[in-house]
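Note: the block below is structure22.pdb and it holds PDB, C-alpha atoms.
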```pdb
ATOM      1  CA  MET L 189     -22.174  19.922  24.879
ATOM      2  CA  ILE L 190     -19.304  20.388  22.402
ATOM      3  CA  SER L 191     -16.403  22.408  23.699
ATOM      4  CA  PRO L 192     -15.226  25.229  21.440
ATOM      5  CA  ALA L 193     -12.228  24.490  19.251
ATOM      6  CA  PRO L 194      -8.937  25.919  20.469
ATOM      7  CA  SER L 195      -8.329  29.355  19.053
ATOM      8  CA  SER L 196      -5.288  30.114  16.965
ATOM      9  CA  SER L 197      -3.908  33.368  15.705
ATOM     10  CA  SER L 198      -4.187  34.162  12.022
ATOM     11  CA  SER L 199      -0.405  34.123  11.716
ATOM     12  CA  SER L 200      -0.031  30.548  12.977
ATOM     13  CA  SER L 201      -0.894  27.404  11.030
ATOM     14  CA  PRO L 202      -4.201  25.619  11.788
ATOM     15  CA  PRO L 203      -3.959  22.986  14.555
ATOM     16  CA  TYR L 204      -5.613  20.336  12.356
ATOM     17  CA  PRO L 205      -5.504  19.447   8.633
ATOM     18  CA  ALA L 206      -7.688  21.590   6.393
ATOM     19  CA  ILE L 207     -10.705  19.921   4.787
ATOM     20  CA  GLU L 208      -9.962  18.916   1.181
ATOM     21  CA  PRO L 209     -13.337  18.417  -0.577
ATOM     22  CA  SER L 210     -13.061  15.439  -2.932
ATOM     23  CA  SER L 211     -16.556  13.897  -2.812
ATOM     24  CA  SER L 212     -15.038  10.471  -2.140
ATOM     25  CA  LEU L 213     -14.173   8.397   0.907
ATOM     26  CA  PHE L 214     -11.335   6.007   0.092
ATOM     27  CA  LEU L 215     -11.940   2.511   1.430
ATOM     28  CA  ALA L 216     -10.399  -0.900   0.822
ATOM     29  CA  TYR L 217     -13.557  -2.869   0.018
ATOM     30  CA  GLN L 218     -13.331  -6.579   0.872
ATOM     31  CA  LEU L 219     -14.820  -8.868  -1.802
ATOM     32  CA  ARG L 220     -13.739 -12.276  -0.474
ATOM     33  CA  SER L 221     -17.301 -13.271   0.402
ATOM     34  CA  LYS L 222     -19.008 -11.147  -2.276
ATOM     35  CA  THR L 223     -20.535 -11.823  -5.677
ATOM     36  CA  VAL L 224     -20.007  -9.177  -8.353
ATOM     37  CA  LEU L 225     -22.054  -8.739 -11.530
ATOM     38  CA  LEU L 226     -20.106  -7.349 -14.503
ATOM     39  CA  VAL L 227     -22.183  -6.384 -17.530
ATOM     40  CA  GLY L 228     -19.973  -6.038 -20.603
ATOM     41  CA  GLY L 229     -16.722  -7.679 -21.621
ATOM     42  CA  GLY L 230     -15.113  -5.151 -23.960
ATOM     43  CA  VAL L 231     -11.938  -3.164 -23.292
ATOM     44  CA  VAL L 232     -13.417  -1.275 -20.338
ATOM     45  CA  GLY L 233     -15.071  -4.434 -19.042
ATOM     46  CA  ALA L 234     -11.697  -6.205 -19.162
ATOM     47  CA  SER L 235     -10.199  -3.455 -16.994
ATOM     48  CA  ARG L 236     -13.031  -3.848 -14.476
ATOM     49  CA  LEU L 237     -12.591  -7.626 -14.536
ATOM     50  CA  TYR L 238      -8.869  -7.295 -13.798
ATOM     51  CA  HIS L 239      -9.407  -5.030 -10.782
ATOM     52  CA  VAL L 240     -12.120  -7.262  -9.323
ATOM     53  CA  LEU L 241     -10.031 -10.410  -9.805
ATOM     54  CA  CYS L 242      -7.181  -8.749  -7.898
ATOM     55  CA  ALA L 243      -9.581  -8.322  -4.965
ATOM     56  CA  LEU L 244     -10.177 -12.117  -4.799
ATOM     57  CA  PRO L 245     -14.009 -12.132  -4.836
ATOM     58  CA  ARG L 246     -16.110 -15.183  -4.113
ATOM     59  CA  LYS L 247     -17.707 -15.054  -7.568
ATOM     60  CA  ILE L 248     -17.856 -12.829 -10.664
ATOM     61  CA  ILE L 249     -20.902 -13.131 -12.904
ATOM     62  CA  LEU L 250     -19.879 -11.867 -16.351
ATOM     63  CA  VAL L 251     -22.818 -11.117 -18.642
ATOM     64  CA  ALA L 252     -21.681 -10.406 -22.213
ATOM     65  CA  PRO L 253     -22.173 -11.992 -25.650
ATOM     66  CA  GLU L 254     -19.077 -13.664 -27.070
ATOM     67  CA  SER L 255     -19.020 -11.238 -30.000
ATOM     68  CA  GLY L 256     -18.389  -8.360 -27.589
ATOM     69  CA  LEU L 257     -15.490  -9.872 -25.636
ATOM     70  CA  SER L 258     -12.081  -8.215 -25.866
ATOM     71  CA  PRO L 259      -8.879 -10.290 -26.242
ATOM     72  CA  GLU L 260      -8.018  -9.598 -22.596
ATOM     73  CA  THR L 261     -11.441 -10.748 -21.379
ATOM     74  CA  LEU L 262     -11.087 -13.956 -23.411
ATOM     75  CA  TYR L 263      -7.663 -14.468 -21.874
ATOM     76  CA  ARG L 264      -9.023 -14.027 -18.318
ATOM     77  CA  LEU L 265     -11.812 -16.513 -19.027
ATOM     78  CA  GLU L 266      -9.343 -19.055 -20.397
ATOM     79  CA  GLN L 267      -7.033 -18.656 -17.389
ATOM     80  CA  ASP L 268      -9.989 -19.132 -15.045
ATOM     81  CA  ARG L 269     -11.062 -22.311 -16.876
ATOM     82  CA  LEU L 270      -7.592 -23.795 -16.351
ATOM     83  CA  LEU L 271      -8.069 -23.682 -12.580
ATOM     84  CA  PRO L 272      -9.569 -26.579 -10.578
ATOM     85  CA  SER L 273     -13.361 -26.281 -10.495
ATOM     86  CA  GLU L 274     -13.401 -25.313  -6.797
ATOM     87  CA  SER L 275     -10.967 -22.439  -7.476
ATOM     88  CA  ARG L 276     -12.758 -20.894 -10.462
ATOM     89  CA  VAL L 277     -14.147 -17.429  -9.900
ATOM     90  CA  ILE L 278     -15.762 -16.329 -13.180
ATOM     91  CA  GLU L 279     -19.198 -17.522 -14.278
ATOM     92  CA  TRP L 280     -19.710 -16.356 -17.855
ATOM     93  CA  LYS L 281     -23.193 -15.937 -19.301
ATOM     94  CA  ASN L 282     -22.878 -15.731 -23.105
ATOM     95  CA  ARG L 283     -25.730 -13.286 -23.660
ATOM     96  CA  SER L 284     -26.785  -9.675 -23.197
ATOM     97  CA  TYR L 285     -28.068  -8.319 -19.911
ATOM     98  CA  GLY L 286     -31.472  -9.540 -18.806
ATOM     99  CA  GLU L 287     -33.769  -7.776 -16.356
ATOM    100  CA  GLY L 288     -33.253  -9.164 -12.886
ATOM    101  CA  ASP L 289     -29.581 -10.152 -13.362
ATOM    102  CA  GLU L 290     -28.691  -7.794 -10.525
ATOM    103  CA  GLN L 291     -30.843  -9.679  -8.021
ATOM    104  CA  GLY L 292     -28.764 -11.110  -5.166
ATOM    105  CA  MET L 293     -25.559  -9.348  -6.221
ATOM    106  CA  ASP L 294     -23.289  -7.546  -3.753
ATOM    107  CA  MET L 295     -21.905  -5.181  -6.393
ATOM    108  CA  VAL L 296     -22.789  -4.336 -10.000
ATOM    109  CA  LEU L 297     -20.493  -2.931 -12.703
ATOM    110  CA  THR L 298     -21.655  -1.947 -16.156
ATOM    111  CA  ALA L 299     -19.272  -1.419 -19.061
ATOM    112  CA  ILE L 300     -21.542  -1.255 -22.107
ATOM    113  CA  ASP L 301     -22.218   1.362 -24.791
ATOM    114  CA  GLU L 302     -26.007   1.454 -24.266
ATOM    115  CA  GLN L 303     -26.427   4.494 -22.038
ATOM    116  CA  GLY L 304     -30.147   3.996 -21.572
ATOM    117  CA  LEU L 305     -29.686   0.400 -20.467
ATOM    118  CA  SER L 306     -26.847   1.355 -18.104
ATOM    119  CA  SER L 307     -29.047   4.017 -16.515
ATOM    120  CA  SER L 308     -31.907   1.574 -15.988
ATOM    121  CA  ILE L 309     -29.510  -0.957 -14.395
ATOM    122  CA  CYS L 310     -28.209   1.809 -12.124
ATOM    123  CA  LYS L 311     -31.767   2.730 -11.113
ATOM    124  CA  ARG L 312     -32.646  -0.883 -10.255
ATOM    125  CA  CYS L 313     -29.461  -1.320  -8.239
ATOM    126  CA  ARG L 314     -30.125   1.782  -6.192
ATOM    127  CA  GLU L 315     -33.662   0.604  -5.498
ATOM    128  CA  LEU L 316     -32.159  -2.653  -4.232
ATOM    129  CA  LYS L 317     -29.373  -0.838  -2.279
ATOM    130  CA  ILE L 318     -26.659  -2.525  -4.361
ATOM    131  CA  PRO L 319     -23.448  -0.488  -4.938
ATOM    132  CA  VAL L 320     -23.171   0.223  -8.661
ATOM    133  CA  ASN L 321     -20.616   1.683 -11.062
ATOM    134  CA  VAL L 322     -21.587   2.792 -14.560
ATOM    135  CA  ALA L 323     -18.470   3.222 -16.690
ATOM    136  CA  ASP L 324     -17.829   6.799 -17.837
ATOM    137  CA  VAL L 325     -20.924   8.232 -16.104
ATOM    138  CA  PRO L 326     -19.752   9.692 -12.747
ATOM    139  CA  SER L 327     -23.261  10.705 -11.680
ATOM    140  CA  GLU L 328     -24.347   7.053 -11.838
ATOM    141  CA  CYS L 329     -21.413   5.707  -9.814
ATOM    142  CA  ASP L 330     -21.567   4.927  -6.106
ATOM    143  CA  PHE L 331     -17.787   4.458  -6.266
ATOM    144  CA  TYR L 332     -14.985   5.033  -8.757
ATOM    145  CA  PHE L 333     -12.121   3.008 -10.155
ATOM    146  CA  GLY L 334      -8.790   4.771  -9.882
ATOM    147  CA  SER L 335      -5.413   4.157 -11.463
ATOM    148  CA  THR L 336      -3.937   1.508  -9.178
ATOM    149  CA  LEU L 337      -0.360   0.502  -8.482
ATOM    150  CA  ARG L 338      -0.064  -3.075  -7.201
ATOM    151  CA  ASN L 339       2.976  -4.738  -5.683
ATOM    152  CA  GLY L 340       2.045  -7.830  -3.684
ATOM    153  CA  PRO L 341      -0.075  -6.697  -0.715
ATOM    154  CA  LEU L 342       0.698  -3.042  -1.515
ATOM    155  CA  SER L 343      -2.016  -1.144  -3.397
ATOM    156  CA  VAL L 344      -1.841   2.573  -4.129
ATOM    157  CA  MET L 345      -4.746   4.217  -5.927
ATOM    158  CA  VAL L 346      -4.895   7.606  -7.598
ATOM    159  CA  SER L 347      -8.438   8.845  -8.161
ATOM    160  CA  THR L 348      -9.688  12.047  -9.768
ATOM    161  CA  ASN L 349     -13.337  11.361  -8.893
ATOM    162  CA  GLY L 350     -14.020  10.620 -12.537
ATOM    163  CA  LYS L 351     -12.707  13.990 -13.743
ATOM    164  CA  GLY L 352      -9.450  12.906 -15.392
ATOM    165  CA  PRO L 353      -8.681   9.153 -15.570
ATOM    166  CA  ARG L 354      -5.854   9.716 -18.055
ATOM    167  CA  ILE L 355      -4.168  12.204 -15.727
ATOM    168  CA  ALA L 356      -4.632   9.794 -12.822
ATOM    169  CA  ALA L 357      -2.728   7.125 -14.787
ATOM    170  CA  ARG L 358       0.111   9.560 -15.444
ATOM    171  CA  LEU L 359       0.357  10.541 -11.778
ATOM    172  CA  ARG L 360       0.249   6.877 -10.743
ATOM    173  CA  ARG L 361       3.250   6.157 -12.982
ATOM    174  CA  LYS L 362       5.170   8.959 -11.271
ATOM    175  CA  LEU L 363       4.360   7.473  -7.856
ATOM    176  CA  GLU L 364       5.324   4.023  -9.088
ATOM    177  CA  GLY L 365       8.845   5.248  -9.795
ATOM    178  CA  SER L 366       9.263   6.367  -6.186
ATOM    179  CA  ILE L 367       8.190   3.067  -4.571
ATOM    180  CA  PRO L 368      10.893   0.373  -4.156
ATOM    181  CA  ASP L 369      10.451  -2.725  -6.299
ATOM    182  CA  ASN L 370      10.760  -4.902  -3.211
ATOM    183  CA  ALA L 371       7.999  -3.148  -1.256
ATOM    184  CA  GLY L 372       5.582  -6.050  -1.759
ATOM    185  CA  LYS L 373       8.058  -8.610  -0.408
ATOM    186  CA  ALA L 374       8.842  -6.338   2.550
ATOM    187  CA  LEU L 375       5.138  -6.116   3.407
ATOM    188  CA  GLU L 376       4.700  -9.892   3.130
ATOM    189  CA  ASN L 377       7.519 -10.357   5.636
ATOM    190  CA  THR L 378       6.086  -7.701   7.943
ATOM    191  CA  GLY L 379       2.793  -9.604   7.889
ATOM    192  CA  LYS L 380       4.612 -12.768   8.983
ATOM    193  CA  LEU L 381       6.198 -10.844  11.854
ATOM    194  CA  ARG L 382       2.775  -9.551  12.941
ATOM    195  CA  LEU L 383       1.360 -13.084  12.831
ATOM    196  CA  GLU L 384       4.148 -14.445  15.040
ATOM    197  CA  MET L 385       3.720 -11.462  17.332
ATOM    198  CA  ARG L 386       0.057 -12.361  17.841
ATOM    199  CA  LYS L 387       0.999 -15.957  18.666
ATOM    200  CA  LEU L 388       3.467 -14.752  21.269
ATOM    201  CA  ALA L 389       1.194 -12.093  22.781
ATOM    202  CA  ASN L 390      -2.454 -12.914  22.088
ATOM    203  CA  GLY L 391      -4.093 -10.859  24.820
ATOM    204  CA  LYS L 392      -7.358  -9.234  23.780
ATOM    205  CA  LYS L 393      -7.557  -6.462  26.360
ATOM    206  CA  LYS L 394      -7.068  -2.897  25.186
ATOM    207  CA  GLU L 395      -3.732  -2.574  26.973
ATOM    208  CA  ASP L 396      -2.524  -5.808  25.322
ATOM    209  CA  ILE L 397      -3.515  -4.565  21.872
ATOM    210  CA  ASP L 398      -1.967  -1.145  22.490
ATOM    211  CA  ARG L 399       1.299  -2.728  23.614
ATOM    212  CA  ARG L 400       1.458  -4.967  20.522
ATOM    213  CA  MET L 401       0.761  -2.048  18.203
ATOM    214  CA  ASP L 402       3.361   0.124  19.920
ATOM    215  CA  PHE L 403       5.989  -2.631  19.724
ATOM    216  CA  MET L 404       5.298  -3.303  16.019
ATOM    217  CA  SER L 405       5.411   0.415  15.238
ATOM    218  CA  ARG L 406       8.763   0.853  16.943
ATOM    219  CA  VAL L 407      10.216  -2.216  15.209
ATOM    220  CA  CYS L 408       9.010  -1.110  11.759
ATOM    221  CA  ASP L 409      10.454   2.371  12.350
ATOM    222  CA  LYS L 410      13.895   0.765  12.707
ATOM    223  CA  TRP L 411      13.838  -1.310   9.513
ATOM    224  CA  SER L 412      14.128   0.029   5.985
ATOM    225  CA  VAL L 413      12.062  -1.492   3.181
ATOM    226  CA  GLU L 414      15.237  -3.034   1.777
ATOM    227  CA  GLN L 415      15.993  -4.676   5.140
ATOM    228  CA  LEU L 416      12.432  -5.939   5.606
ATOM    229  CA  LYS L 417      12.750  -7.706   2.268
ATOM    230  CA  GLU L 418      15.409  -9.932   3.888
ATOM    231  CA  LEU L 419      13.403 -10.637   7.052
ATOM    232  CA  ASP L 420      13.298 -14.423   7.555
ATOM    233  CA  GLU L 421      12.141 -16.826  10.268
ATOM    234  CA  GLU L 422      15.395 -16.588  12.227
ATOM    235  CA  MET L 423      15.342 -12.780  12.178
ATOM    236  CA  ILE L 424      11.685 -12.774  13.251
ATOM    237  CA  LYS L 425      12.579 -15.024  16.170
ATOM    238  CA  ARG L 426      15.337 -12.638  17.256
ATOM    239  CA  VAL L 427      13.114  -9.562  16.899
ATOM    240  CA  LEU L 428      10.521 -11.161  19.167
ATOM    241  CA  GLU L 429      13.177 -11.854  21.786
ATOM    242  CA  GLY L 430      12.982  -8.153  22.564
ATOM    243  CA  TRP L 431       9.242  -8.326  23.320
ATOM    244  CA  GLU L 432       9.370  -9.044  27.046
ATOM    245  CA  GLU L 433      11.919  -6.283  27.634
ATOM    246  CA  GLY L 434      10.051  -3.895  25.362
ATOM    247  CA  ARG L 435      13.137  -3.507  23.156
ATOM    248  CA  ALA L 436      12.499  -2.794  19.495
ATOM    249  CA  LEU L 437      15.398  -4.428  17.649
ATOM    250  CA  GLY L 438      16.548  -3.214  14.255
ATOM    251  CA  TYR L 439      18.179  -5.044  11.353
ATOM    252  CA  TRP L 440      21.718  -4.718  12.656
ATOM    253  CA  ASP L 441      20.653  -5.591  16.212
ATOM    254  CA  VAL L 442      19.558  -9.050  15.086
ATOM    255  CA  ASN L 443      22.314  -9.560  12.506
ATOM    256  CA  LYS L 444      25.381  -8.080  14.210
ATOM    257  CA  SER L 445      26.849 -11.485  15.172
ATOM    258  CA  LYS L 446      26.969 -12.501  11.484
ATOM    259  CA  TYR L 447      29.530  -9.848  10.616
ATOM    260  CA  GLY L 448      31.781  -9.869  13.672
ATOM    261  CA  ARG L 449      33.160  -6.512  14.772
ATOM    262  CA  LEU L 450      31.733  -4.793  11.692
ATOM    263  CA  GLY L 451      28.248  -5.985  12.638
ATOM    264  CA  TYR L 452      28.563  -4.588  16.161
ATOM    265  CA  LEU L 453      29.850  -1.287  14.760
ATOM    266  CA  LEU L 454      26.945  -1.038  12.336
ATOM    267  CA  SER L 455      24.491  -1.879  15.135
ATOM    268  CA  TRP L 456      25.954   0.944  17.207
ATOM    269  CA  THR L 457      25.849   3.462  14.343
ATOM    270  CA  SER L 458      22.270   2.488  13.480
ATOM    271  CA  GLN L 459      21.193   3.208  17.071
ATOM    272  CA  LEU L 460      22.698   6.680  16.719
ATOM    273  CA  GLY L 461      20.810   7.190  13.459
ATOM    274  CA  LEU L 462      24.008   7.627  11.437
ATOM    275  CA  GLY L 463      23.664   7.125   7.707
ATOM    276  CA  SER L 464      20.165   8.611   7.509
ATOM    277  CA  CYS L 465      18.537  11.989   7.996
ATOM    278  CA  PRO L 466      18.621  12.892  11.720
ATOM    279  CA  VAL L 467      15.687  15.270  11.241
ATOM    280  CA  LYS L 468      13.145  12.949   9.644
ATOM    281  CA  ARG L 469      14.427   9.751  11.291
ATOM    282  CA  ASP L 470      13.401   7.836   8.187
ATOM    283  CA  PRO L 471      14.873   4.288   7.980
ATOM    284  CA  ASP L 472      14.575   4.487   4.188
ATOM    285  CA  GLY L 473      16.307   7.854   4.062
ATOM    286  CA  ARG L 474      19.878   8.460   2.984
ATOM    287  CA  ALA L 475      22.262  10.925   4.577
ATOM    288  CA  SER L 476      23.247  12.047   1.075
ATOM    289  CA  ARG L 477      19.647  13.224   0.510
ATOM    290  CA  CYS L 478      19.300  15.063   3.824
ATOM    291  CA  PRO L 479      19.613  18.884   3.526
ATOM    292  CA  PHE L 480      20.705  19.073   7.173
ATOM    293  CA  VAL L 481      23.511  16.516   6.777
ATOM    294  CA  MET L 482      24.671  17.875   3.433
ATOM    295  CA  GLY L 483      24.508  21.473   4.654
ATOM    296  CA  THR L 484      26.446  20.636   7.810
ATOM    297  CA  SER L 485      28.956  18.619   5.803
ATOM    298  CA  GLY L 486      29.393  21.556   3.454
ATOM    299  CA  ILE L 487      30.097  23.891   6.376
ATOM    300  CA  VAL L 488      32.600  21.469   7.906
ATOM    301  CA  VAL L 489      34.379  20.997   4.566
ATOM    302  CA  GLY L 490      34.363  24.752   3.997
ATOM    303  CA  VAL L 491      35.852  25.464   7.406
ATOM    304  CA  ALA L 492      38.497  22.748   6.910
ATOM    305  CA  VAL L 493      39.459  24.127   3.496
ATOM    306  CA  THR L 494      39.643  27.673   4.870
ATOM    307  CA  LEU L 495      41.801  26.644   7.819
ATOM    308  CA  GLY L 496      44.058  24.697   5.492
ATOM    309  CA  ALA L 497      44.401  27.671   3.175
ATOM    310  CA  LEU L 498      45.212  29.973   6.093
ATOM    311  CA  ARG L 499      47.923  27.592   7.319
ATOM    312  CA  VAL L 500      49.454  27.429   3.840
ATOM    313  CA  LEU L 501      49.346  31.227   3.580
ATOM    314  CA  SER L 502      50.908  31.631   7.022
ATOM    315  CA  TYR L 503      53.646  29.144   6.180
ATOM    316  CA  SER L 504      54.440  30.871   2.862
ATOM    317  CA  ARG L 505      54.762  34.251   4.599
ATOM    318  CA  ARG L 506      57.235  32.835   7.138
ATOM    319  CA  THR L 507      59.355  31.424   4.388
TER     320      THR L 507
END
```
For the file at hand, write its structure as structure tokens.
Amino acid sequence: MISPAPSSSSSSSPPYPAIEPSSSLFLAYQLRSKTVLLVGGGVVGASRLYHVLCALPRKIILVAPESGLSPETLYRLEQDRLLPSESRVIEWKNRSYGEGDEQGMDMVLTAIDEQGLSSSICKRCRELKIPVNVADVPSECDFYFGSTLRNGPLSVMVSTNGKGPRIAARLRRKLEGSIPDNAGKALENTGKLRLEMRKLANGKKKEDIDRRMDFMSRVCDKWSVEQLKELDEEMIKRVLEGWEEGRALGYWDVNKSKYGRLGYLLSWTSQLGLGSCPVKRDPDGRASRCPFVMGTSGIVVGVAVTLGALRVLSYSRRT
């Protein structure tokens, strides 16, 4: 029996996030062991090819006559041919689609101008339970391609569920400007820290996993993206020294000895949260961007100026 949801007054905010209907469930689909069929090698096909290559699939079967290949598709094929045979990913079939090409595929993408043919490919794929995407026909897509920002292991996708791809690209560019250039490097280093953490504490019980996750969360909350970019083997070793005691060490905790007294001072100020917003406790935040800090600073400066003016006025009256 399902217990009733907790009641809340109309004046208070809902206890849980409101449902935002979007018709899509965002997933990071793993293609490392998958074979993808791409029908069409024009401009749109080249875009599909790029996104699939970024996902490191086992194999891409490209079906398209040479006359229909875009310059970018030709470039991708040439780059793939330069790789050792065991590392090549693209298998190009220099012809048009043939019935049955979708057999045995894990995913099918069509990027051709023949709407009737695309629809028939979609129908066959759905009969075979193969995920399919028909370019520019949302109703015949089991999934969509969004405008994607990539920076090393970081991927951020903006999707409009096929309603406005051009707008999605514009919004993605706005997001791109707000993400640090070194975010990818910071994530690579964080992955190395997680790997060493698992070597040190490899328990598989729930309490072991929970403890590892809690420790990693607390460590990451103390490091800014800029600091994580500098994380090296020696720093990782020092961070993990805090594991047994359950101490999450920040950047200045592991580097304070490098800078003498200044390092110890910075370690102390970082523990107090000085230099960032005390409300959000964001390691990437800046005190100069915090309304609370700036507002408080403004009040302090205002009071100081007022007191100074009153002292000057009092002195001038006495003289």
Q) Which of these residues is nearest to Trp280 (chain L), using only C-alpha atoms: L:Glu315, L:Ser307, L:Val224, L:Phe333? A)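 Using only C-alpha atoms, Trp280 (chain L) sits closest to L:Val224.
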Please expand the PyMOL selection byres ((chain L and resi 262-270) around 12) into the concrete residues it hits in this file, giving the result as a PDB file with C-alpha atoms, keeping the file's coordinate frame.
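To be explicit, this is the file written out as selection25.pdb:
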```
ATOM      1  CA  GLY L 229     -16.722  -7.679 -21.621  1.00  0.00           C
ATOM      2  CA  GLY L 230     -15.113  -5.151 -23.960  1.00  0.00           C
ATOM      3  CA  VAL L 231     -11.938  -3.164 -23.292  1.00  0.00           C
ATOM      4  CA  GLY L 233     -15.071  -4.434 -19.042  1.00  0.00           C
ATOM      5  CA  ALA L 234     -11.697  -6.205 -19.162  1.00  0.00           C
ATOM      6  CA  SER L 235     -10.199  -3.455 -16.994  1.00  0.00           C
ATOM      7  CA  ARG L 236     -13.031  -3.848 -14.476  1.00  0.00           C
ATOM      8  CA  LEU L 237     -12.591  -7.626 -14.536  1.00  0.00           C
ATOM      9  CA  TYR L 238      -8.869  -7.295 -13.798  1.00  0.00           C
ATOM     10  CA  HIS L 239      -9.407  -5.030 -10.782  1.00  0.00           C
ATOM     11  CA  VAL L 240     -12.120  -7.262  -9.323  1.00  0.00           C
ATOM     12  CA  LEU L 241     -10.031 -10.410  -9.805  1.00  0.00           C
ATOM     13  CA  CYS L 242      -7.181  -8.749  -7.898  1.00  0.00           C
ATOM     14  CA  LYS L 247     -17.707 -15.054  -7.568  1.00  0.00           C
ATOM     15  CA  ILE L 248     -17.856 -12.829 -10.664  1.00  0.00           C
ATOM     16  CA  ILE L 249     -20.902 -13.131 -12.904  1.00  0.00           C
ATOM     17  CA  LEU L 250     -19.879 -11.867 -16.351  1.00  0.00           C
ATOM     18  CA  ALA L 252     -21.681 -10.406 -22.213  1.00  0.00           C
ATOM     19  CA  PRO L 253     -22.173 -11.992 -25.650  1.00  0.00           C
ATOM     20  CA  GLU L 254     -19.077 -13.664 -27.070  1.00  0.00           C
ATOM     21  CA  SER L 255     -19.020 -11.238 -30.000  1.00  0.00           C
ATOM     22  CA  GLY L 256     -18.389  -8.360 -27.589  1.00  0.00           C
ATOM     23  CA  LEU L 257     -15.490  -9.872 -25.636  1.00  0.00           C
ATOM     24  CA  SER L 258     -12.081  -8.215 -25.866  1.00  0.00           C
ATOM     25  CA  PRO L 259      -8.879 -10.290 -26.242  1.00  0.00           C
ATOM     26  CA  GLU L 260      -8.018  -9.598 -22.596  1.00  0.00           C
ATOM     27  CA  THR L 261     -11.441 -10.748 -21.379  1.00  0.00           C
ATOM     28  CA  LEU L 271      -8.069 -23.682 -12.580  1.00  0.00           C
ATOM     29  CA  PRO L 272      -9.569 -26.579 -10.578  1.00  0.00           C
ATOM     30  CA  SER L 273     -13.361 -26.281 -10.495  1.00  0.00           C
ATOM     31  CA  GLU L 274     -13.401 -25.313  -6.797  1.00  0.00           C
ATOM     32  CA  SER L 275     -10.967 -22.439  -7.476  1.00  0.00           C
ATOM     33  CA  ARG L 276     -12.758 -20.894 -10.462  1.00  0.00           C
ATOM     34  CA  VAL L 277     -14.147 -17.429  -9.900  1.00  0.00           C
ATOM     35  CA  ILE L 278     -15.762 -16.329 -13.180  1.00  0.00           C
ATOM     36  CA  GLU L 279     -19.198 -17.522 -14.278  1.00  0.00           C
ATOM     37  CA  TRP L 280     -19.710 -16.356 -17.855  1.00  0.00           C
ATOM     38  CA  LYS L 281     -23.193 -15.937 -19.301  1.00  0.00           C
ATOM     39  CA  ASN L 282     -22.878 -15.731 -23.105  1.00  0.00           C
TER      40      ASN L 282
END
```
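One finds CA of Arg312 (chain L) at 8.0 Å from CA of Glu290 (chain L).
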Q: Find the distance between CA of Asp409 (chain L) and CA of Thr378 (chain L) and write it in Å to one decimal.
A: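 Distance reported for this atom pair: 11.8 Å.
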Q: Please write as a ChimeraX atom specification the full residue list that the PyMOL selection byres ((chain L and resi 398-408) around 12) yields on this file.
A: /L:374-375,377-397,409-416,419,424,426-439,441-442,469-472
Q: Extract, using only C-alpha atoms, all DNA, RNA and protein residues at most 12 Å from region 317-326 of chain L, discarding same-chain residues fewer than 6 positions from it, and format them as a ChimeraX atom specification.
A: /L:211-212,217,222-228,230-236,290-311,332-334,348-353
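Across the structure, CA of Val344 (chain L) and CA of Ala216 (chain L) are spaced 10.5 Å apart.
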Q.
Show me, as a PyMOL selection string, the residues that have an atom within 9 Å of Gly372 (chain L) when counting all atoms listed in the file, minus same-chain residues fewer than 3 positions from it.
A. chain L and resi 338-342+368-369+375-377+417
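The smallest atom-to-atom distance between Trp440 (chain L) and any of L:Leu337, L:Ser327, L:Met423, L:Arg361, using only C-alpha atoms, is found for L:Met423.
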Q: For each of L:Ser335, L:Ser284, L:Ser343, L:Asn443, take the minimum atom-to-atom distance to Lys362 (chain L), counting only C-alpha atoms, then give the residue where this is smallest.
A: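 When distances to Lys362 (chain L) are compared using only C-alpha atoms, the smallest one comes from L:Ser335.
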How big is the axis-aligned box, and where does its centre sit, when it encloses all atoms of region 404-423 of chain L listed in the file and has 8 Å added on every side, reported in Å to one decimal as JSON?
```
{"center_x": 10.6, "center_y": -7.2, "center_z": 9.4, "size_x": 26.7, "size_y": 35.2, "size_z": 31.2}
```
